[in-house]
>>> print(open('start_0.cif').read())   # mmCIF, C-alpha atoms (C1' of nucleotides)
data_upload
#
loop_
_atom_site.label_atom_id
_atom_site.label_comp_id
_atom_site.auth_asym_id
_atom_site.auth_seq_id
_atom_site.Cartn_x
_atom_site.Cartn_y
_atom_site.Cartn_z
CA MET A 1 205.29 7.48 176.43
CA ARG A 2 203.89 10.05 178.82
CA THR A 3 204.86 13.67 178.43
CA THR A 4 204.35 15.14 181.88
CA ASP A 5 207.07 16.86 183.88
CA LEU A 6 207.29 13.85 186.15
CA LEU A 7 209.64 10.94 185.66
CA THR A 8 209.01 7.23 186.10
CA VAL A 9 211.31 5.04 188.09
CA SER A 10 213.00 3.61 185.02
CA GLU A 11 213.52 7.07 183.55
CA VAL A 12 215.18 8.22 186.73
CA ALA A 13 217.20 5.02 186.85
CA GLU A 14 218.47 5.56 183.34
CA ARG A 15 219.21 9.26 183.74
CA SER A 16 220.86 8.93 187.12
CA GLY A 17 222.68 5.70 186.44
CA ILE A 18 221.26 4.30 189.66
CA ALA A 19 219.30 1.06 189.51
CA ALA A 20 215.56 1.16 190.07
CA SER A 21 215.93 -1.24 192.96
CA ALA A 22 218.40 1.17 194.53
CA LEU A 23 215.94 4.03 194.08
CA ARG A 24 213.28 2.07 195.95
CA PHE A 25 215.85 1.22 198.58
CA TYR A 26 216.79 4.88 198.96
CA GLU A 27 213.15 5.76 199.38
CA ARG A 28 212.73 3.15 202.06
CA ILE A 29 215.61 4.56 204.11
CA GLY A 30 214.26 8.07 203.72
CA LEU A 31 216.88 9.36 201.32
CA LEU A 32 214.56 10.02 198.41
CA ASP A 33 210.97 11.13 197.93
CA ALA A 34 208.50 10.39 195.20
CA GLN A 35 204.95 11.33 194.37
CA ARG A 36 202.52 8.58 193.49
CA THR A 37 200.00 8.13 190.73
CA SER A 38 196.43 7.17 191.61
CA GLY A 39 197.51 3.61 190.90
CA GLY A 40 200.41 3.80 193.33
CA GLN A 41 203.29 4.10 190.91
CA ARG A 42 206.19 6.41 191.66
CA ARG A 43 206.57 9.68 189.84
CA TYR A 44 209.71 11.68 190.44
CA GLU A 45 210.20 15.39 190.12
CA ARG A 46 213.20 16.38 188.11
CA HIS A 47 215.09 17.73 191.10
CA VAL A 48 215.63 14.20 192.39
CA LEU A 49 218.21 13.87 189.64
CA ARG A 50 220.32 16.50 191.32
CA ARG A 51 219.80 14.83 194.65
CA LEU A 52 220.86 11.52 193.19
CA ALA A 53 223.90 13.09 191.57
CA PHE A 54 224.74 14.45 195.00
CA ILE A 55 224.28 11.05 196.58
CA ARG A 56 226.43 9.35 194.01
CA ALA A 57 229.13 11.96 194.28
CA ALA A 58 229.12 11.62 198.06
CA ARG A 59 229.37 7.86 197.79
CA ASN A 60 232.30 8.26 195.43
CA VAL A 61 234.01 10.43 197.97
CA GLY A 62 233.61 7.69 200.53
CA LEU A 63 230.60 8.78 202.55
CA SER A 64 228.21 6.10 203.73
CA LEU A 65 224.54 6.43 202.96
CA GLU A 66 223.98 7.36 206.57
CA GLU A 67 226.42 10.21 206.25
CA VAL A 68 224.71 11.29 203.05
CA CYS A 69 221.42 11.34 204.93
CA ASP A 70 222.96 13.52 207.59
CA ALA A 71 224.48 15.83 205.02
CA LEU A 72 221.23 16.22 203.12
CA ASP A 73 219.32 16.80 206.33
CA THR A 74 221.38 19.95 206.83
CA LEU A 75 220.07 21.29 203.54
CA PRO A 76 216.87 23.32 203.54
CA GLN A 77 213.88 21.18 202.69
CA GLY A 78 212.10 22.15 199.52
CA ARG A 79 214.19 25.02 198.26
CA THR A 80 217.11 24.86 195.92
CA PRO A 81 220.34 24.95 197.88
CA THR A 82 222.14 28.25 197.76
CA ARG A 83 225.80 28.61 197.08
CA ALA A 84 226.36 28.94 200.81
CA ASP A 85 224.62 25.63 201.48
CA TRP A 86 226.71 23.98 198.85
CA THR A 87 229.96 25.48 200.08
CA ARG A 88 229.28 24.34 203.63
CA LEU A 89 228.57 20.80 202.52
CA SER A 90 231.47 20.57 200.16
CA HIS A 91 233.94 21.59 202.86
CA THR A 92 233.39 18.20 204.46
CA TRP A 93 234.14 16.50 201.21
CA ARG A 94 237.12 18.61 200.49
CA ALA A 95 238.66 17.77 203.84
CA ARG A 96 237.93 14.14 203.33
CA LEU A 97 239.44 14.09 199.89
CA ASP A 98 242.51 15.90 201.14
CA ASP A 99 242.95 13.35 203.92
CA GLN A 100 242.54 10.44 201.58
CA ILE A 101 244.94 11.85 199.03
CA ARG A 102 247.47 12.54 201.75
CA ALA A 103 247.21 9.04 203.17
CA LEU A 104 247.45 7.37 199.79
CA THR A 105 250.40 9.51 198.78
CA LYS A 106 252.19 8.64 201.96
CA LEU A 107 251.44 5.00 201.37
CA ARG A 108 252.77 5.23 197.84
CA ASP A 109 255.93 7.03 198.84
CA GLY A 110 256.50 4.54 201.61
CA LEU A 111 256.17 1.80 199.06
CA ASP A 112 258.72 3.54 196.85
CA SER A 113 261.22 3.70 199.65
CA CYS A 114 260.61 0.04 200.44
CA ILE A 115 261.42 -0.86 196.88
CA GLY A 116 264.35 1.49 196.89
CA CYS A 117 265.91 0.14 200.05
CA GLY A 118 264.86 -3.44 199.57
CA CYS A 119 264.32 -3.58 203.29
CA LEU A 120 261.55 -6.15 203.15
CA SER A 121 260.87 -5.24 206.71
CA LEU A 122 257.20 -4.66 206.38
CA LYS A 123 256.55 -4.23 210.03
CA ARG A 124 258.74 -1.17 210.26
CA CYS A 125 257.73 0.05 206.85
CA ALA A 126 255.55 3.05 206.13
CA ILE A 127 253.18 1.06 204.00
CA SER A 128 252.37 -1.41 206.69
CA ASN A 129 251.75 1.22 209.29
CA PRO A 130 248.18 2.18 208.60
CA SER A 131 247.68 4.78 211.30
CA ASP A 132 247.20 7.61 208.85
CA VAL A 133 244.89 5.64 206.69
CA ALA A 134 242.94 4.33 209.64
CA ALA A 135 242.37 7.88 210.79
CA VAL A 136 240.85 8.64 207.43
CA ALA A 137 238.63 5.59 207.32
CA GLY A 138 236.09 7.09 209.70
CA ALA A 139 233.07 5.34 211.08
CA GLY A 140 232.56 2.33 208.93
CA ALA A 141 232.46 4.12 205.60
CA ALA A 142 232.95 1.89 202.63
CA PHE A 143 234.99 3.62 199.96
CA LEU A 144 234.97 3.00 196.23
CA ARG A 145 233.41 -0.40 196.22
CA MET B 1 254.01 -17.15 229.91
CA ARG B 2 255.80 -19.56 227.61
CA THR B 3 259.16 -18.64 226.16
CA THR B 4 259.33 -20.65 222.96
CA ASP B 5 259.84 -19.13 219.55
CA LEU B 6 256.21 -19.74 218.73
CA LEU B 7 253.39 -17.27 219.31
CA THR B 8 249.87 -17.87 220.58
CA VAL B 9 246.87 -16.52 218.82
CA SER B 10 246.44 -13.68 221.28
CA GLU B 11 250.09 -12.71 221.00
CA VAL B 12 249.82 -12.53 217.24
CA ALA B 13 246.57 -10.63 217.55
CA GLU B 14 248.18 -8.06 219.80
CA ARG B 15 251.36 -7.69 217.79
CA SER B 16 249.65 -7.56 214.42
CA GLY B 17 246.69 -5.50 215.47
CA ILE B 18 244.40 -8.06 213.86
CA ALA B 19 241.70 -9.66 215.97
CA ALA B 20 242.06 -13.30 216.95
CA SER B 21 238.75 -14.05 215.28
CA ALA B 22 240.11 -12.55 212.08
CA LEU B 23 243.24 -14.69 212.35
CA ARG B 24 241.10 -17.81 212.59
CA PHE B 25 239.05 -16.55 209.68
CA TYR B 26 242.18 -15.98 207.61
CA GLU B 27 243.30 -19.50 208.37
CA ARG B 28 239.96 -20.88 207.27
CA ILE B 29 240.18 -19.17 203.89
CA GLY B 30 243.74 -20.36 203.41
CA LEU B 31 245.48 -17.05 203.90
CA LEU B 32 247.42 -18.00 207.00
CA ASP B 33 249.06 -21.10 208.41
CA ALA B 34 249.64 -22.19 211.96
CA GLN B 35 251.22 -25.14 213.70
CA ARG B 36 249.28 -26.88 216.43
CA THR B 37 250.17 -28.04 219.91
CA SER B 38 249.39 -31.60 220.88
CA GLY B 39 246.24 -30.23 222.43
CA GLY B 40 245.15 -28.56 219.19
CA GLN B 41 245.97 -24.95 219.99
CA ARG B 42 247.48 -22.70 217.34
CA ARG B 43 251.13 -21.73 217.50
CA TYR B 44 252.37 -19.20 215.01
CA GLU B 45 255.86 -18.76 213.69
CA ARG B 46 257.13 -15.25 213.80
CA HIS B 47 257.09 -14.81 210.05
CA VAL B 48 253.30 -14.71 210.07
CA LEU B 49 253.67 -11.22 211.48
CA ARG B 50 255.25 -10.10 208.23
CA ARG B 51 252.58 -11.88 206.27
CA LEU B 52 249.91 -10.16 208.33
CA ALA B 53 251.57 -6.79 207.89
CA PHE B 54 251.49 -7.49 204.19
CA ILE B 55 247.83 -8.43 204.31
CA ARG B 56 246.92 -5.36 206.27
CA ALA B 57 248.89 -3.10 203.98
CA ALA B 58 247.24 -4.65 200.96
CA ARG B 59 243.83 -4.18 202.50
CA ASN B 60 244.67 -0.56 203.18
CA VAL B 61 245.57 -0.10 199.57
CA GLY B 62 242.18 -1.42 198.60
CA LEU B 63 242.85 -5.02 197.68
CA SER B 64 240.25 -7.58 198.61
CA LEU B 65 241.26 -10.62 200.59
CA GLU B 66 240.90 -12.66 197.44
CA GLU B 67 243.37 -10.42 195.68
CA VAL B 68 245.72 -10.71 198.64
CA CYS B 69 245.46 -14.48 198.37
CA ASP B 70 246.35 -14.30 194.70
CA ALA B 71 249.24 -11.97 195.38
CA LEU B 72 250.64 -14.15 198.12
CA ASP B 73 250.26 -17.24 195.98
CA THR B 74 252.74 -15.72 193.56
CA LEU B 75 255.33 -15.61 196.31
CA PRO B 76 257.55 -18.65 196.83
CA GLN B 77 256.23 -20.91 199.55
CA GLY B 78 258.50 -21.28 202.51
CA ARG B 79 261.37 -19.00 201.67
CA THR B 80 261.75 -15.35 202.49
CA PRO B 81 260.73 -13.25 199.49
CA THR B 82 263.60 -11.74 197.61
CA ARG B 83 263.78 -8.15 196.54
CA ALA B 84 262.64 -9.21 193.07
CA ASP B 85 259.54 -10.89 194.51
CA TRP B 86 258.75 -7.81 196.48
CA THR B 87 259.30 -5.44 193.58
CA ARG B 88 257.01 -7.46 191.34
CA LEU B 89 254.25 -7.47 193.91
CA SER B 90 254.57 -3.84 194.78
CA HIS B 91 254.24 -2.76 191.17
CA THR B 92 250.59 -3.74 191.32
CA TRP B 93 250.10 -1.66 194.39
CA ARG B 94 251.99 1.27 193.01
CA ALA B 95 249.78 1.38 189.92
CA ARG B 96 246.72 1.09 192.04
CA LEU B 97 247.77 3.83 194.38
CA ASP B 98 248.59 6.07 191.45
CA ASP B 99 245.16 5.48 189.96
CA GLN B 100 243.42 6.17 193.22
CA ILE B 101 245.39 9.31 193.87
CA ARG B 102 244.68 10.55 190.36
CA ALA B 103 240.98 9.89 190.65
CA LEU B 104 240.70 11.52 194.05
CA THR B 105 242.69 14.53 192.94
CA LYS B 106 240.46 14.99 189.95
CA LEU B 107 237.45 14.70 192.18
CA ARG B 108 238.85 17.29 194.55
CA ASP B 109 239.73 19.71 191.81
CA GLY B 110 236.29 19.29 190.31
CA LEU B 111 234.85 20.12 193.69
CA ASP B 112 236.99 23.22 193.88
CA SER B 113 235.74 24.44 190.54
CA CYS B 114 232.16 23.77 191.62
CA ILE B 115 232.65 25.93 194.65
CA GLY B 116 234.46 28.49 192.57
CA CYS B 117 231.81 28.79 189.92
CA GLY B 118 228.84 28.17 192.17
CA CYS B 119 227.32 26.21 189.33
CA LEU B 120 225.35 23.84 191.56
CA SER B 121 224.82 21.79 188.47
CA LEU B 122 225.96 18.53 189.86
CA LYS B 123 224.98 16.48 186.89
CA ARG B 124 227.45 18.26 184.63
CA CYS B 125 230.02 18.59 187.35
CA ALA B 126 233.28 16.70 187.54
CA ILE B 127 232.59 15.46 191.01
CA SER B 128 229.36 13.79 190.09
CA ASN B 129 230.84 12.06 187.10
CA PRO B 130 232.36 8.98 188.61
CA SER B 131 233.78 7.35 185.51
CA ASP B 132 237.38 7.71 186.61
CA VAL B 133 236.67 6.58 190.10
CA ALA B 134 234.56 3.68 188.98
CA ALA B 135 237.42 2.50 186.81
CA VAL B 136 239.62 2.42 189.88
CA ALA B 137 237.14 0.59 192.06
CA GLY B 138 237.92 -2.76 190.50
CA ALA B 139 236.17 -6.01 191.24
CA GLY B 140 234.26 -5.42 194.41
CA ALA B 141 237.18 -4.23 196.47
CA ALA B 142 236.23 -2.49 199.66
CA PHE B 143 238.57 0.37 200.34
CA LEU B 144 239.40 1.98 203.66
CA ARG B 145 236.49 0.70 205.63
"C1'" DG C 1 189.17 -3.33 175.31
"C1'" DT C 2 193.25 -5.85 174.88
"C1'" DT C 3 197.84 -6.54 175.48
"C1'" DA C 4 202.65 -5.64 176.23
"C1'" DT C 5 205.49 -3.39 179.16
"C1'" DA C 6 206.48 -1.34 183.29
"C1'" DG C 7 205.39 -0.92 187.79
"C1'" DT C 8 204.09 -2.52 192.90
"C1'" DT C 9 205.07 -4.98 197.47
"C1'" DG C 10 207.42 -7.49 201.35
"C1'" DA C 11 210.59 -10.78 202.17
"C1'" DA C 12 214.50 -13.14 201.32
"C1'" DG C 13 219.11 -13.39 199.26
"C1'" DT C 14 224.00 -11.61 198.25
"C1'" DG C 15 228.85 -10.92 199.31
"C1'" DA C 16 232.67 -9.20 201.78
"C1'" DA C 17 234.93 -9.52 205.95
"C1'" DC C 18 234.50 -10.53 209.93
"C1'" DT C 19 232.36 -11.16 214.97
"C1'" DT C 20 229.69 -13.52 218.30
"C1'" DT C 21 227.99 -17.41 220.69
"C1'" DA C 22 227.79 -21.74 223.08
"C1'" DA C 23 229.68 -25.49 224.83
"C1'" DG C 24 233.46 -27.37 225.85
"C1'" DT C 25 239.16 -28.24 226.19
"C1'" DC C 26 244.07 -26.91 227.18
"C1'" DA C 27 248.07 -24.93 229.52
"C1'" DA C 28 250.56 -22.47 233.06
"C1'" DG C 29 251.28 -21.06 237.55
"C1'" DC C 30 250.80 -21.98 242.24
"C1'" DG D 1 246.39 -31.35 241.18
"C1'" DC D 2 243.64 -27.54 240.83
"C1'" DT D 3 242.20 -23.24 239.28
"C1'" DT D 4 242.10 -19.56 236.02
"C1'" DG D 5 242.45 -17.70 231.79
"C1'" DA D 6 243.32 -18.68 227.19
"C1'" DC D 7 242.09 -21.60 223.71
"C1'" DT D 8 239.03 -24.81 220.51
"C1'" DT D 9 235.01 -25.64 217.18
"C1'" DA D 10 230.95 -25.04 214.07
"C1'" DA D 11 227.34 -22.38 213.22
"C1'" DA D 12 224.90 -18.40 213.30
"C1'" DG D 13 224.84 -13.37 213.40
"C1'" DT D 14 226.31 -8.55 211.73
"C1'" DT D 15 226.70 -4.51 208.64
"C1'" DC D 16 226.35 -2.17 204.33
"C1'" DA D 17 224.25 -1.42 200.19
"C1'" DC D 18 221.81 -3.30 197.52
"C1'" DT D 19 219.48 -7.13 194.31
"C1'" DT D 20 216.33 -10.76 193.40
"C1'" DC D 21 212.08 -13.07 193.81
"C1'" DA D 22 207.17 -14.08 193.47
"C1'" DA D 23 202.86 -12.70 192.97
"C1'" DC D 24 200.33 -9.28 191.57
"C1'" DT D 25 198.63 -4.40 189.40
"C1'" DA D 26 198.89 -0.12 186.46
"C1'" DT D 27 199.68 2.32 182.30
"C1'" DA D 28 200.19 3.32 177.43
"C1'" DA D 29 199.66 2.23 172.84
"C1'" DC D 30 196.99 0.27 169.60
#
>>> encode(input="start_0.cif", output="structure tokens")
Amino acid sequence: MRTTDLLTVSEVAERSGIAASALRFYERIGLLDAQRTSGGQRRYERHVLRRLAFIRAARNVGLSLEEVCDALDTLPQGRTPTRADWTRLSHTWRARLDDQIRALTKLRDGLDSCIGCGCLSLKRCAISNPSDVAAVAGAGAAFLR
Amino acid sequence: MRTTDLLTVSEVAERSGIAASALRFYERIGLLDAQRTSGGQRRYERHVLRRLAFIRAARNVGLSLEEVCDALDTLPQGRTPTRADWTRLSHTWRARLDDQIRALTKLRDGLDSCIGCGCLSLKRCAISNPSDVAAVAGAGAAFLR
DNA sequence: GTTATAGTTGAAGTGAACTTTAAGTCAAGC
DNA sequence: GCTTGACTTAAAGTTCACTTCAACTATAAC
């Protein structure tokens, strides 16, 4: 095994928990960079692990890869993000999480009252009225697949 | 406009908020039934609106169409579901909603502590550790698209 | 130097949940 | 009875986020 400060694709895959094929895919859509050996193999700097953790966290929060791209584009290229950078970015997530939690809670409470009243009238029922949830869904984001 | 007790596909689409193409799709996968006119056009009974409200609510809660099929298959065919039927079904949803709310809340609180501590160490951070969320994601369900 | 393992590419495939298209048919109002 | 708008079908297309494939090449350990 090599002992440089650079990581191979399978090392990054294992450490990040993201499949090698996904790493190549991310590179193709411009979400991830890699150096190359003389033979053309990828070698990753360690900071990609943080970037990947960021990407995964963002995906968990319901952002699409496109949104992650946009978010990361607002970060300074090359330097480690400052606390201010991080705070700015995380505000988006925070708001999103709050919205999702609110919508789900409302859905749950609506469900409770349905059970409680036995109304069976789904079309008037809170749970079947998805306006709040729809507002949260945003532009085509897939959440928690 | 006709004045029978049956609804056309576009009427159902408008009242349910589900596109006509989706209604045809649902019929193809066995999720929805329709009578036919002598000429072959679909005519829906009014109770499909409740079924569709159910389907939409289930989708909002994160169930896949396959799961919705399974859920609806546990309901008695033909008769209006009783309160017991409804309670049984909604238990699944309730548990799911609780799980999702818990996971999202944990994620949000982890994010708060990241901002608070300025750690920037995403890989050790609660928000980048998706174990709880992953557990909620289930079998390929798309949530809040 | 040989060999096993890990890596490379572009292109095609996957699956969920639909939507769109094309070519034609039906129903309602006048 | 004719026109207009709504309806029908099967098949192909779409989007997202990847994965799989086939054919080939590089690297590391011995």
>>> resolve_selection(input="start_0.cif", expression="the PyMOL selection byres ((chain D) within 9 of (chain B))", output="ChimeraX atom specification")
/D:6-8
>>> closest_residue(input="start_0.cif", among="C:DT14, C:DT3, C:DT8, C:DT20", to="chain A", atoms="all atoms listed in the file")
C:DT8
>>> resolve_selection(input="start_0.cif", expression="the PyMOL selection byres ((chain D and resi 17) around 12)", output="ChimeraX atom specification")
/A:21-23,25-26,29,59,64-66,141-143,145 /C:14-16 /D:15-16,18-19
>>> residues_around(input="start_0.cif", residues="DT2 in chain C", least_positions_apart="2", cutoff="12 Å", atoms="all atoms listed in the file", output="JSON list (two decimals) with C-alpha atoms (C1' of nucleotides), keeping the file's coordinate frame")
[["chain", "number", "residue", "atom", "x", "y", "z"],
["C", 4, "DA", "C1'", 202.65, -5.64, 176.23],
["D", 28, "DA", "C1'", 200.19, 3.32, 177.43],
["D", 29, "DA", "C1'", 199.66, 2.23, 172.84],
["D", 30, "DC", "C1'", 196.99, 0.27, 169.60]]
>>> residues_near_point(input="start_0.cif", point="(246.4, -1.3, 194.7)", cutoff="7 Å", atoms="all atoms listed in the file", output="number ranges by chain")
B: 61-63, 92-97
